[in-house]
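S.K.: This is the structure I have questions about; it appears just below.
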Number of protein chains: 2
Amino acid sequence: MATRIVEPEAGPRSKRAAILAAAVDCFGETGFEATKWSTVAERVGIGQTALYHYFESKTHCLLTIMRLELQRSHDKFTEATEGVEDPTEALRAAVRAAYDVSDQEVLQMRILHNHMDLLSGTRKSKREEAERVEARKLVQLVERNWTNLLVRGMSMGAFPLRDAQLLGSGVLGLIVSVWRWYRPSGPTPLSEVSELIEGACVRMVAT
Amino acid sequence: MATRIVEPEAGPRSKRAAILAAAVDCFGETGFEATKWSTVAERVGIGQTALYHYFESKTHCLLTIMRLELQRSHDKFTEATEGVEDPTEALRAAVRAAYDVSDQEVLQMRILHNHMDLLSGTRKSKREEAERVEARKLVQLVERNWTNLLVRGMSMGAFPLRDAQLLGSGVLGLIVSVWRWYRPSGPTPLSEVSELIEGACVRMVAT
DNA sequence: AACCTGAATTGAACTGAACTCAGGTTGATC
DNA sequence: GATCAACCTGAGTTCAGTTCAATTCAGGTT
């Protein structure tokens with residue numbers, strides 16, 4: 001049912017990965033609107049028009065980055081929580097997993113959450129729309145992950161009963177709000193953020 | 001010290017307010033990038049170029065909307081909390097105030113938080129940069145409002161001691177994360193959201 | 001009433017970045 | 001070493017945002 005998009009298998013001299021990496025850097029540092037599509041081409045070392053061999057548009061590239069990051073987040077959540085039966089421990093593990101990211105992934109998170117609104121409206125071109133739909137599915141999956149975690153905790157009596165959906169999006173909102181301001185070069189280390197948010201989440205859902 | 005920008009005093013036939021209102025509708029519903037500047041002009045009933053009599057650019061208009069919304073938020077916070085000496089009650093009042101908004105203000109919130117990243121980098125044109133700087137100042141003011149509330153609660157023994165700045169941006173992040181998904185036409189009434197988040201915030205900062 | 005001023009407006013032209021097109025190059029494979 | 005798809009390019013198109021010179025309009029002055 002989770003129809004994962006087939007990644008175009010990379011021909012040996014494909015620059016797709018290099019383009020994605022360069023785009024993540026540019027979009028993450030400078031912002032999507034502010035970075036010229038041609039700058040990404042330059043950084044990869046190809047002409048601007050070559051980009052269109054790999055991506056239908058600048059936006060198609062952005063949506064691809066977003067989908068990949070969502071896939072990663074979802075996988076990480078699953079990996080971190082599976083087999084942890086105590087709900088509170090599962091919640092803690094999920095939060096820690098959310099902040100166990102590389103600098104590159106921080107950028108991807110920033111890009112993702114700065115352009116969530118793109119996922120609302122339908123896109124005109126085929127491949128853009130495919131990525132958008134897939135990304136939306138993943139968003140819902142991630143939301144369900146968190147909601148289910150809370151539902152399980154509530155039914156097991158570990159968390160008091162509340163609107164799990166609403167509380168879930170609250171927890172998720174709290175966690176991702178960090179990507180708005182966090183900078184690897186900033187004064188606050190991510191480990192500190194992780195600890196504080198972990199505690200906050202636990203208190204939020206507990207008594 | 002808080003150098004509030006002097007609103008250009010409205011000549012009797014100024015369309016500035018009408019443009020702002022139309023822009024909030026368009027930017028809020030369709031998204032800033034997706035709405036054509038000329039559409040805003042149409043909705044107001046003037047030619048596109050007339051817009052430039054009031055705003056230096058499409059972005060200048062956006063930044064103005066953002067600043068106005070920040071000013072409103074700040075005022076509302078102050079009004080809701082001043083004179084409330086019990087920290088928990090002040091926190092509750094602040095959260096309730098944050099969600100005591102009209103449908104128009106929901107749109108403005110959405111616009112504001114979808115384009116926070118604009119406030120990071122400097123702008124080229126004068127008036128855009130003026131709005132940006134002012135908006136940034138207001139963001140810091142709002143953050144300080146929440147941090148101070150927590151600091152006061154901690155020093156009074158109402159909240160356990162924690163990194164107030166980090167926790168403050170957490171609380172704020174949780175509160176504004178709602179504007180990402182909330183729709184007045186949606187299934188969840190804002191009052192319900194307000195209650196759940198109010199409780200969550202209190203638990204987050206308390207024991 | 002004739003005149004003046006500045007705010008408000010406009011149509012036509014400009015700009016620049018995203019994108020298209022019609023072909024050319026490369027290199028893995030047979 | 002011929003083939004063919006993957007890969008790439010320069011020249012040109014498009015289109016939304018923007019500029020500009022010129023015009024209208026409303027309210028006040030003489």
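By order in the structure tokens, chains are A, B, ...; within a chain, residues start at 1; ligands start at 1, following the order shown.
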Just need the residues of chain C within 10 Å of chain B, counting only C-alpha atoms (C1' of nucleotides), so spit them out as a ChimeraX atom specification.

M.R.: /C:7-11

S.K.: Store the residues picked out above, limited to N, CA and C atoms (P, O5', C5', C4', C3', O3' and C1' of nucleotides), as a short mmCIF file (atom, residue, chain, number, x, y, z; two decimals), in the first residue's frame.

M.R.:
data_model
loop_
_atom_site.label_atom_id
_atom_site.label_comp_id
_atom_site.auth_asym_id
_atom_site.auth_seq_id
_atom_site.Cartn_x
_atom_site.Cartn_y
_atom_site.Cartn_z
P DA C 7 2.22 63.49 -1.89
"O5'" DA C 7 1.01 62.45 -1.73
"C5'" DA C 7 -0.25 62.91 -1.27
"C4'" DA C 7 -1.36 62.23 -2.05
"C3'" DA C 7 -1.17 60.73 -2.23
"O3'" DA C 7 -2.38 60.08 -1.93
"C1'" DA C 7 -1.47 61.74 -4.34
P DA C 8 -2.46 58.46 -2.00
"O5'" DA C 8 -2.93 58.19 -3.49
"C5'" DA C 8 -4.20 58.66 -3.90
"C4'" DA C 8 -4.45 58.25 -5.34
"C3'" DA C 8 -4.20 56.77 -5.64
"O3'" DA C 8 -5.38 56.23 -6.22
"C1'" DA C 8 -3.11 58.14 -7.25
P DT C 9 -5.41 54.67 -6.61
"O5'" DT C 9 -5.00 54.69 -8.15
"C5'" DT C 9 -5.79 55.44 -9.06
"C4'" DT C 9 -5.17 55.43 -10.44
"C3'" DT C 9 -4.78 54.05 -10.98
"O3'" DT C 9 -5.74 53.67 -11.95
"C1'" DT C 9 -3.16 55.72 -11.52
P DT C 10 -5.72 52.20 -12.54
"O5'" DT C 10 -4.94 52.43 -13.90
"C5'" DT C 10 -5.28 53.55 -14.72
"C4'" DT C 10 -4.24 53.73 -15.81
"C3'" DT C 10 -3.78 52.42 -16.44
"O3'" DT C 10 -4.28 52.33 -17.77
"C1'" DT C 10 -1.94 53.89 -16.01
P DG C 11 -4.35 50.93 -18.50
"O5'" DG C 11 -3.26 51.18 -19.64
"C5'" DG C 11 -3.21 52.45 -20.30
"C4'" DG C 11 -2.04 52.48 -21.26
"C3'" DG C 11 -1.78 51.19 -22.02
"O3'" DG C 11 -1.30 51.52 -23.33
"C1'" DG C 11 0.06 51.62 -20.56
#

S.K.: Among region 38-98 of chain A, which ones does DSSP assign to alpha helix (DSSP H) (computed from the backbone)? Answer as an MDAnalysis selection string.

M.R.: chainID A and resid 38:44 51:54 58:81 87:98

S.K.: Provide as an mmCIF file with all heavy atoms, in the first residue's frame the residues of chain D at most 9 Å from chain B, counting only C-alpha atoms (C1' of nucleotides).

M.R.:
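Output saved as iface-v8.cif:
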data_model
loop_
_atom_site.group_PDB
_atom_site.id
_atom_site.type_symbol
_atom_site.label_atom_id
_atom_site.label_comp_id
_atom_site.auth_asym_id
_atom_site.auth_seq_id
_atom_site.Cartn_x
_atom_site.Cartn_y
_atom_site.Cartn_z
ATOM 1 P P DA D 16 2.442 34.953 -15.559
ATOM 2 O OP1 DA D 16 1.639 33.732 -15.416
ATOM 3 O OP2 DA D 16 1.947 36.110 -16.345
ATOM 4 O "O5'" DA D 16 2.841 35.457 -14.119
ATOM 5 C "C5'" DA D 16 3.701 34.673 -13.305
ATOM 6 C "C4'" DA D 16 4.675 35.582 -12.600
ATOM 7 O "O4'" DA D 16 5.606 36.137 -13.570
ATOM 8 C "C3'" DA D 16 4.024 36.778 -11.908
ATOM 9 O "O3'" DA D 16 4.571 36.925 -10.610
ATOM 10 C "C2'" DA D 16 4.328 37.956 -12.816
ATOM 11 C "C1'" DA D 16 5.662 37.547 -13.449
ATOM 12 N N9 DA D 16 5.860 38.112 -14.788
ATOM 13 C C8 DA D 16 4.946 38.178 -15.805
ATOM 14 N N7 DA D 16 5.409 38.740 -16.902
ATOM 15 C C5 DA D 16 6.723 39.054 -16.586
ATOM 16 C C6 DA D 16 7.750 39.658 -17.329
ATOM 17 N N6 DA D 16 7.609 40.090 -18.590
ATOM 18 N N1 DA D 16 8.943 39.820 -16.722
ATOM 19 C C2 DA D 16 9.084 39.398 -15.445
ATOM 20 N N3 DA D 16 8.179 38.804 -14.650
ATOM 21 C C4 DA D 16 7.015 38.667 -15.293
ATOM 22 P P DG D 17 4.148 38.075 -9.625
ATOM 23 O OP1 DG D 17 4.126 37.510 -8.274
ATOM 24 O OP2 DG D 17 2.959 38.750 -10.173
ATOM 25 O "O5'" DG D 17 5.396 39.062 -9.728
ATOM 26 C "C5'" DG D 17 6.669 38.568 -9.360
ATOM 27 C "C4'" DG D 17 7.712 39.640 -9.580
ATOM 28 O "O4'" DG D 17 7.809 39.944 -10.986
ATOM 29 C "C3'" DG D 17 7.400 40.965 -8.878
ATOM 30 O "O3'" DG D 17 8.598 41.438 -8.282
ATOM 31 C "C2'" DG D 17 6.923 41.871 -10.012
ATOM 32 C "C1'" DG D 17 7.690 41.333 -11.206
ATOM 33 N N9 DG D 17 7.016 41.529 -12.496
ATOM 34 C C8 DG D 17 5.726 41.199 -12.814
ATOM 35 N N7 DG D 17 5.401 41.486 -14.046
ATOM 36 C C5 DG D 17 6.558 42.036 -14.580
ATOM 37 C C6 DG D 17 6.824 42.536 -15.886
ATOM 38 O O6 DG D 17 6.064 42.598 -16.858
ATOM 39 N N1 DG D 17 8.131 43.013 -16.005
ATOM 40 C C2 DG D 17 9.062 42.989 -14.987
ATOM 41 N N2 DG D 17 10.263 43.482 -15.281
ATOM 42 N N3 DG D 17 8.827 42.519 -13.768
ATOM 43 C C4 DG D 17 7.561 42.062 -13.634
ATOM 44 P P DT D 18 8.595 42.730 -7.349
ATOM 45 O OP1 DT D 18 9.703 42.604 -6.384
ATOM 46 O OP2 DT D 18 7.211 42.966 -6.889
ATOM 47 O "O5'" DT D 18 9.003 43.875 -8.386
ATOM 48 C "C5'" DT D 18 10.242 43.749 -9.078
ATOM 49 C "C4'" DT D 18 10.335 44.787 -10.155
ATOM 50 O "O4'" DT D 18 9.358 44.541 -11.184
ATOM 51 C "C3'" DT D 18 10.094 46.234 -9.705
ATOM 52 O "O3'" DT D 18 11.346 46.922 -9.712
ATOM 53 C "C2'" DT D 18 9.097 46.784 -10.737
ATOM 54 C "C1'" DT D 18 9.166 45.765 -11.851
ATOM 55 N N1 DT D 18 7.949 45.651 -12.702
ATOM 56 C C2 DT D 18 8.013 46.098 -14.006
ATOM 57 O O2 DT D 18 9.010 46.588 -14.496
ATOM 58 N N3 DT D 18 6.853 45.955 -14.730
ATOM 59 C C4 DT D 18 5.666 45.413 -14.284
ATOM 60 O O4 DT D 18 4.688 45.338 -15.035
ATOM 61 C C5 DT D 18 5.656 44.966 -12.917
ATOM 62 C C7 DT D 18 4.401 44.378 -12.333
ATOM 63 C C6 DT D 18 6.787 45.100 -12.198
#

S.K.: Could I get the residues of chain A with an atom no further than 10 Å from an atom of chain B, each paired with its nearest atom pair and that distance in Å to one decimal, using only C-alpha atoms, sorted by chain and residue number, as a tab-separated table?

M.R.:
residue	atom	partner	partner_atom	distance
A:Thr30	CA	B:Gly121	CA	8.3
A:Gly31	CA	B:Asp117	CA	7.7
A:Glu33	CA	B:Glu33	CA	8.8
A:Ala34	CA	B:Leu118	CA	9.6
A:Arg110	CA	B:Asp117	CA	9.7
A:His113	CA	B:Asn114	CA	8.9
A:Asn114	CA	B:Asn114	CA	6.6
A:His115	CA	B:Asn114	CA	7.6
A:Met116	CA	B:Arg180	CA	8.2
A:Asp117	CA	B:Asn114	CA	7.6
A:Leu118	CA	B:Gly31	CA	8.6
A:Ser120	CA	B:Thr30	CA	9.7
A:Gly121	CA	B:Thr30	CA	8.3
A:Arg162	CA	B:Leu196	CA	8.4
A:Asp163	CA	B:Leu196	CA	8.2
A:Leu166	CA	B:Val193	CA	7.4
A:Leu167	CA	B:Leu196	CA	7.4
A:Ser169	CA	B:Val178	CA	8.2
A:Gly170	CA	B:Leu174	CA	6.1
A:Val171	CA	B:Leu174	CA	7.5
A:Leu172	CA	B:Leu174	CA	8.6
A:Gly173	CA	B:Ser177	CA	5.2
A:Leu174	CA	B:Leu174	CA	4.5
A:Ile175	CA	B:Gly170	CA	8.2
A:Val176	CA	B:Gly173	CA	8.4
A:Ser177	CA	B:Gly173	CA	5.2
A:Val178	CA	B:Gly173	CA	7.5
A:Arg180	CA	B:Asp117	CA	7.8
A:Trp181	CA	B:Asp117	CA	9.2
A:Thr188	CA	B:Leu166	CA	8.9
A:Glu192	CA	B:Leu166	CA	9.2
A:Val193	CA	B:Leu166	CA	7.4
A:Leu196	CA	B:Leu167	CA	7.4
A:Ile197	CA	B:Gly170	CA	7.5
A:Gly199	CA	B:Met204	CA	8.1
A:Ala200	CA	B:Met204	CA	5.0
A:Cys201	CA	B:Met204	CA	7.3
A:Val202	CA	B:Met204	CA	8.4
A:Arg203	CA	B:Met204	CA	5.5
A:Met204	CA	B:Ala200	CA	5.1
A:Val205	CA	B:Ala200	CA	7.6
A:Ala206	CA	B:Arg203	CA	8.3
A:Thr207	CA	B:Arg203	CA	7.7

S.K.: In Å to one decimal, how far is CA of Ser125 (chain A) from C1' of DG16 (chain C)?

M.R.: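 CA of Ser125 (chain A) lies 23.4 Å from C1' of DG16 (chain C).
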
S.K.: Please, what distance in Å, to one decimal, runs between CA of Phe159 (chain B) and CA of Thr147 (chain B)?

M.R.: 12.4 Å

S.K.: Rounded to one decimal place, report the CA of Arg67 (chain B)-CA of Ala135 (chain B) distance in Å.

M.R.: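 That distance, rounded to one decimal, is 4.8 Å.
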
S.K.: Need the shell around Asn145 (chain A): protein/DNA/RNA residues with any atom at most 9 Å away, counting only C-alpha atoms (C1' of nucleotides). Skip same-chain ones fewer than 6 positions apart. Format as a ChimeraX atom specification?

M.R.: /A:74,77-78,168

S.K.: Residues within 12 Å of DT29 (chain C), please, as a list in words. Count only C-alpha atoms (C1' of nucleotides); anything in the same chain fewer than 5 positions from it doesn't count.

M.R.: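 My reading of the contact set: DG1, DA2, DT3, DC4 and DA5 of chain D.
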
S.K.: Restricted to N, CA and C atoms (P, O5', C5', C4', C3', O3' and C1' of nucleotides), what would the selected residues look like written as a PDB file, in the first residue's frame?

M.R.:
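Produced file out.pdb, reproduced below:
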ATOM      1  P    DG D   1      37.726  -0.097 -34.744  1.00  0.00           P
ATOM      2  O5'  DG D   1      37.171   0.381 -36.122  1.00  0.00           O
ATOM      3  C5'  DG D   1      36.179  -0.351 -36.906  1.00  0.00           C
ATOM      4  C4'  DG D   1      34.767  -0.003 -36.492  1.00  0.00           C
ATOM      5  C3'  DG D   1      34.508   1.492 -36.216  1.00  0.00           C
ATOM      6  O3'  DG D   1      33.154   1.805 -36.522  1.00  0.00           O
ATOM      7  C1'  DG D   1      33.941   0.286 -34.333  1.00  0.00           C
ATOM      8  P    DA D   2      32.509   1.886 -37.934  1.00  0.00           P
ATOM      9  O5'  DA D   2      30.999   1.588 -37.519  1.00  0.00           O
ATOM     10  C5'  DA D   2      30.414   0.329 -37.841  1.00  0.00           C
ATOM     11  C4'  DA D   2      29.158   0.128 -37.011  1.00  0.00           C
ATOM     12  C3'  DA D   2      28.154   1.282 -37.062  1.00  0.00           C
ATOM     13  O3'  DA D   2      26.853   0.689 -37.149  1.00  0.00           O
ATOM     14  C1'  DA D   2      28.806   0.864 -34.807  1.00  0.00           C
ATOM     15  P    DT D   3      25.530   1.557 -37.270  1.00  0.00           P
ATOM     16  O5'  DT D   3      24.953   1.446 -35.792  1.00  0.00           O
ATOM     17  C5'  DT D   3      24.911   0.145 -35.165  1.00  0.00           C
ATOM     18  C4'  DT D   3      24.284   0.280 -33.784  1.00  0.00           C
ATOM     19  C3'  DT D   3      23.226   1.393 -33.664  1.00  0.00           C
ATOM     20  O3'  DT D   3      22.171   0.892 -32.859  1.00  0.00           O
ATOM     21  C1'  DT D   3      24.880   1.701 -32.019  1.00  0.00           C
ATOM     22  P    DC D   4      20.657   1.275 -33.142  1.00  0.00           P
ATOM     23  O5'  DC D   4      20.199   1.698 -31.688  1.00  0.00           O
ATOM     24  C5'  DC D   4      20.628   0.919 -30.551  1.00  0.00           C
ATOM     25  C4'  DC D   4      20.709   1.803 -29.333  1.00  0.00           C
ATOM     26  C3'  DC D   4      19.696   2.968 -29.346  1.00  0.00           C
ATOM     27  O3'  DC D   4      19.083   3.024 -28.088  1.00  0.00           O
ATOM     28  C1'  DC D   4      21.883   3.783 -28.931  1.00  0.00           C
ATOM     29  P    DA D   5      17.595   3.585 -27.937  1.00  0.00           P
ATOM     30  O5'  DA D   5      17.577   3.951 -26.398  1.00  0.00           O
ATOM     31  C5'  DA D   5      18.165   3.052 -25.456  1.00  0.00           C
ATOM     32  C4'  DA D   5      19.077   3.819 -24.519  1.00  0.00           C
ATOM     33  C3'  DA D   5      18.398   5.006 -23.830  1.00  0.00           C
ATOM     34  O3'  DA D   5      18.710   4.953 -22.464  1.00  0.00           O
ATOM     35  C1'  DA D   5      20.397   5.716 -24.866  1.00  0.00           C
TER      36       DA D   5
END

S.K.: Of the candidates D:DT9, D:DT19, D:DT24, D:DT29, which one gets nearest to DC14 (chain C) if we count only C-alpha atoms (C1' of nucleotides)?

M.R.: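 Using only C-alpha atoms (C1' of nucleotides), DC14 (chain C) sits closest to D:DT19.
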
S.K.: Show which residues sit within 9 Å of region 17-21 of chain B, as a VMD selection string. Count only C-alpha atoms (C1' of nucleotides), and ignore same-chain residues fewer than 3 positions away.

M.R.: chain B and resid 10 14 24 to 26 40 to 41 43 to 44 51 54 61 to 62 64 to 65 104

S.K.: Let me see the file: selected residues, N, CA and C atoms, as a PDB file, in the first residue's frame.

M.R.:
ATOM      1  N   ALA B  10      -2.884  57.501   6.172  1.00  0.00           N
ATOM      2  CA  ALA B  10      -3.711  57.210   5.020  1.00  0.00           C
ATOM      3  C   ALA B  10      -4.373  58.468   4.496  1.00  0.00           C
ATOM      4  N   SER B  14      -6.744  56.555  -0.028  1.00  0.00           N
ATOM      5  CA  SER B  14      -5.688  55.546  -0.057  1.00  0.00           C
ATOM      6  C   SER B  14      -6.277  54.146  -0.104  1.00  0.00           C
ATOM      7  N   VAL B  24      -3.672  39.595   2.193  1.00  0.00           N
ATOM      8  CA  VAL B  24      -3.787  38.580   3.249  1.00  0.00           C
ATOM      9  C   VAL B  24      -4.646  37.421   2.755  1.00  0.00           C
ATOM     10  N   ASP B  25      -5.767  37.751   2.133  1.00  0.00           N
ATOM     11  CA  ASP B  25      -6.622  36.693   1.585  1.00  0.00           C
ATOM     12  C   ASP B  25      -5.854  35.839   0.585  1.00  0.00           C
ATOM     13  N   CYS B  26      -5.263  36.489  -0.404  1.00  0.00           N
ATOM     14  CA  CYS B  26      -4.580  35.752  -1.479  1.00  0.00           C
ATOM     15  C   CYS B  26      -3.396  34.955  -0.925  1.00  0.00           C
ATOM     16  N   VAL B  40      -3.820  40.434  -6.882  1.00  0.00           N
ATOM     17  CA  VAL B  40      -4.134  41.301  -5.750  1.00  0.00           C
ATOM     18  C   VAL B  40      -4.675  42.634  -6.268  1.00  0.00           C
ATOM     19  N   ALA B  41      -3.996  43.155  -7.287  1.00  0.00           N
ATOM     20  CA  ALA B  41      -4.440  44.424  -7.875  1.00  0.00           C
ATOM     21  C   ALA B  41      -5.872  44.306  -8.397  1.00  0.00           C
ATOM     22  N   ARG B  43      -8.213  42.259  -7.513  1.00  0.00           N
ATOM     23  CA  ARG B  43      -9.188  42.134  -6.434  1.00  0.00           C
ATOM     24  C   ARG B  43      -9.493  43.487  -5.807  1.00  0.00           C
ATOM     25  N   VAL B  44      -8.488  44.362  -5.763  1.00  0.00           N
ATOM     26  CA  VAL B  44      -8.699  45.693  -5.189  1.00  0.00           C
ATOM     27  C   VAL B  44      -9.407  46.594  -6.200  1.00  0.00           C
ATOM     28  N   LEU B  51      -0.052  49.327  -7.487  1.00  0.00           N
ATOM     29  CA  LEU B  51       0.409  48.726  -6.230  1.00  0.00           C
ATOM     30  C   LEU B  51       1.709  49.361  -5.770  1.00  0.00           C
ATOM     31  N   TYR B  54       2.054  52.084  -3.231  1.00  0.00           N
ATOM     32  CA  TYR B  54       1.897  51.783  -1.798  1.00  0.00           C
ATOM     33  C   TYR B  54       3.003  50.872  -1.270  1.00  0.00           C
ATOM     34  N   CYS B  61       5.187  44.086   0.653  1.00  0.00           N
ATOM     35  CA  CYS B  61       3.821  43.913   1.151  1.00  0.00           C
ATOM     36  C   CYS B  61       3.758  42.741   2.125  1.00  0.00           C
ATOM     37  N   LEU B  62       4.378  41.636   1.748  1.00  0.00           N
ATOM     38  CA  LEU B  62       4.414  40.460   2.628  1.00  0.00           C
ATOM     39  C   LEU B  62       5.047  40.791   3.972  1.00  0.00           C
ATOM     40  N   THR B  64       5.297  43.605   5.382  1.00  0.00           N
ATOM     41  CA  THR B  64       4.422  44.505   6.136  1.00  0.00           C
ATOM     42  C   THR B  64       3.339  43.713   6.860  1.00  0.00           C
ATOM     43  N   ILE B  65       2.737  42.775   6.145  1.00  0.00           N
ATOM     44  CA  ILE B  65       1.722  41.914   6.768  1.00  0.00           C
ATOM     45  C   ILE B  65       2.315  41.186   7.972  1.00  0.00           C
ATOM     46  N   GLN B 104      -9.481  36.128   9.725  1.00  0.00           N
ATOM     47  CA  GLN B 104      -8.481  36.935   9.007  1.00  0.00           C
ATOM     48  C   GLN B 104      -7.121  36.800   9.689  1.00  0.00           C
TER      49      GLN B 104
END
